[in-house]
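Q: Quick one: the structure is below, questions incoming.
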Amino acid sequence: MADARKQTLDGPPVSYNADLERIEIELLLEGVYRHFGFDFRAYAYASIRRRLWKRIEAEGLSSISELQARVLHTPEAMERLLLDLSVSVTSMFRDPKFYQVFREEVVPLLRTYPFIRIWHAGCSTGEEVYSTAILLEEEGLLERTRLYATDINDAVLQQARAGIFPLNRMQEYTDNYIRAGGKRSFSEYYTAKYDGALFSPSLTKNVVFSQHNLVTDRSFSEFNVIFCRNVLIYFDRTLQHRVHQLFYDSLVMFGVLALGSKESLRFSQYEACYEKLDAREKLYRKVR
């Protein structure tokens, strides 16, 4: 029976009831929310389903219900599931053109502020935060900037705080940095250590790493820039609406919102409240 229900590599289980599976997933997510406080109930169903089956396979289980029993009674299993549900694909200076446009279009706006607050929402392991810190350092703005790096997952925040990244990715990051308009040698920012690349602590002296849940937590400050790139694509329409309200309430007037390449303000309730700084790179400025 277990073999018949086991997830295949390229599709759904060999034999299963889709309606029953949805009920199982809803029950699991409700249990996770009520027992641990992590709310994934409004995440995009297809993405959640795929990640749950990945965890089922890794745990050596055969159904959603078995996974529910394990995570509700085993905190370590919940930690592993949380990593799967909150994982994001990231790299330093990912989408180099974005950083080039940010340097050209947003940095001149930031120069007009005596003190700058930037929020990286859903920062994952921190590559985006370090990229921004490097850019601001080169533009002479890091000293008067406070960066808030938040994520639902404390495990990835610990990695971000450590500032150690795989040494074998430095060539990729260097290429991205150069294409993003970097002004120095990228190797100046890190040293080879601990079998990895340890980035300079000076880059994070003005960074606050903190756990924050976009689904349930409120705004905690006013920001000149909010980065939330490639996070909203995992949320359903209702949750996207809630997060857009959070960002609108958290941005100062004329503050900048940076979204991911597959995300947009189109059809959101706040579309008319922003002007496009760069439509292609999804940079928007709050104007009302």
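Residue numbers start at 1 in each chain; chains themselves are named A, B, ... in the order of the structure tokens; ligands are numbered from 1 in the order shown.
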What's the 12 Å shell around stretch 277-286 of chain A, counting only C-alpha atoms, without same-chain residues fewer than 2 positions away, as a PyMOL selection string?

A: chain A and resi 94-106+109+223-230+244+247-266+270-275+288

Q: Which one of A:Val156, A:Leu67, A:Leu29, A:Ile134 sits closest to A:Tyr45 if you count only C-alpha atoms?

A: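 Once distances to A:Tyr45 are computed over only C-alpha atoms, the minimum belongs to A:Leu29.
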
Q: I'd like a table as CSV: residues in stretch 98-192 of chain A with an atom no more than 12 Å from stretch 32-42 of chain A, each row giving the shortest atom pair and its distance in Å to one decimal, only C-alpha atoms counted, sorted by chain and rising residue number.

A:
```
residue,atom,partner,partner_atom,distance
A:Asp151,CA,A:Phe38,CA,11.7
A:Ile152,CA,A:Phe38,CA,8.0
A:Asn153,CA,A:Phe38,CA,9.6
A:Asp154,CA,A:Phe38,CA,12.0
```

Q: Now that the selection is made, can you save its residues with N, CA, C and O atoms as a compact mmCIF listing (two decimals), in the first residue's frame?

A:
```
# COMPACT_ATOMS: atom_id res chain seq x y z
N ASP A 151 13.41 37.14 8.15
CA ASP A 151 12.93 35.92 7.52
C ASP A 151 12.12 35.15 8.55
O ASP A 151 12.31 35.34 9.76
N ILE A 152 11.23 34.29 8.08
CA ILE A 152 10.43 33.48 8.98
C ILE A 152 11.27 32.39 9.65
O ILE A 152 10.96 31.91 10.72
N ASN A 153 12.39 32.05 9.00
CA ASN A 153 13.18 30.89 9.39
C ASN A 153 14.45 31.32 10.11
O ASN A 153 15.35 31.92 9.52
N ASP A 154 14.55 31.01 11.41
CA ASP A 154 15.72 31.42 12.19
C ASP A 154 16.99 30.70 11.74
O ASP A 154 18.09 31.24 11.87
```

Q: I'd like the interatomic distance between atom CA of A:Ala197 and atom CA of A:Leu83, to a tenth of an Å.

A: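 Taking atom CA of A:Ala197 as the start and atom CA of A:Leu83 as the end point, the length is 22.5 Å.
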
Q: Extract, using only C-alpha atoms, all DNA, RNA and protein residues at most 9 Å from A:Ala155, discarding same-chain residues fewer than 2 positions from it, and format them as a ChimeraX atom specification.

A: /A:79,83,125,153,157-160

Q: What separation in Å, quoted to one decimal, exists between atom CA of A:Ile164 and atom CA of A:Val89?

A: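 Atom CA of A:Val89 lies 16.7 Å from atom CA of A:Ile164.
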
Q: When you draw a straight line from atom CA of A:Lys205 to atom CA of A:Tyr148, how long is it in Å?

A: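 It comes out at 11.4 Å.
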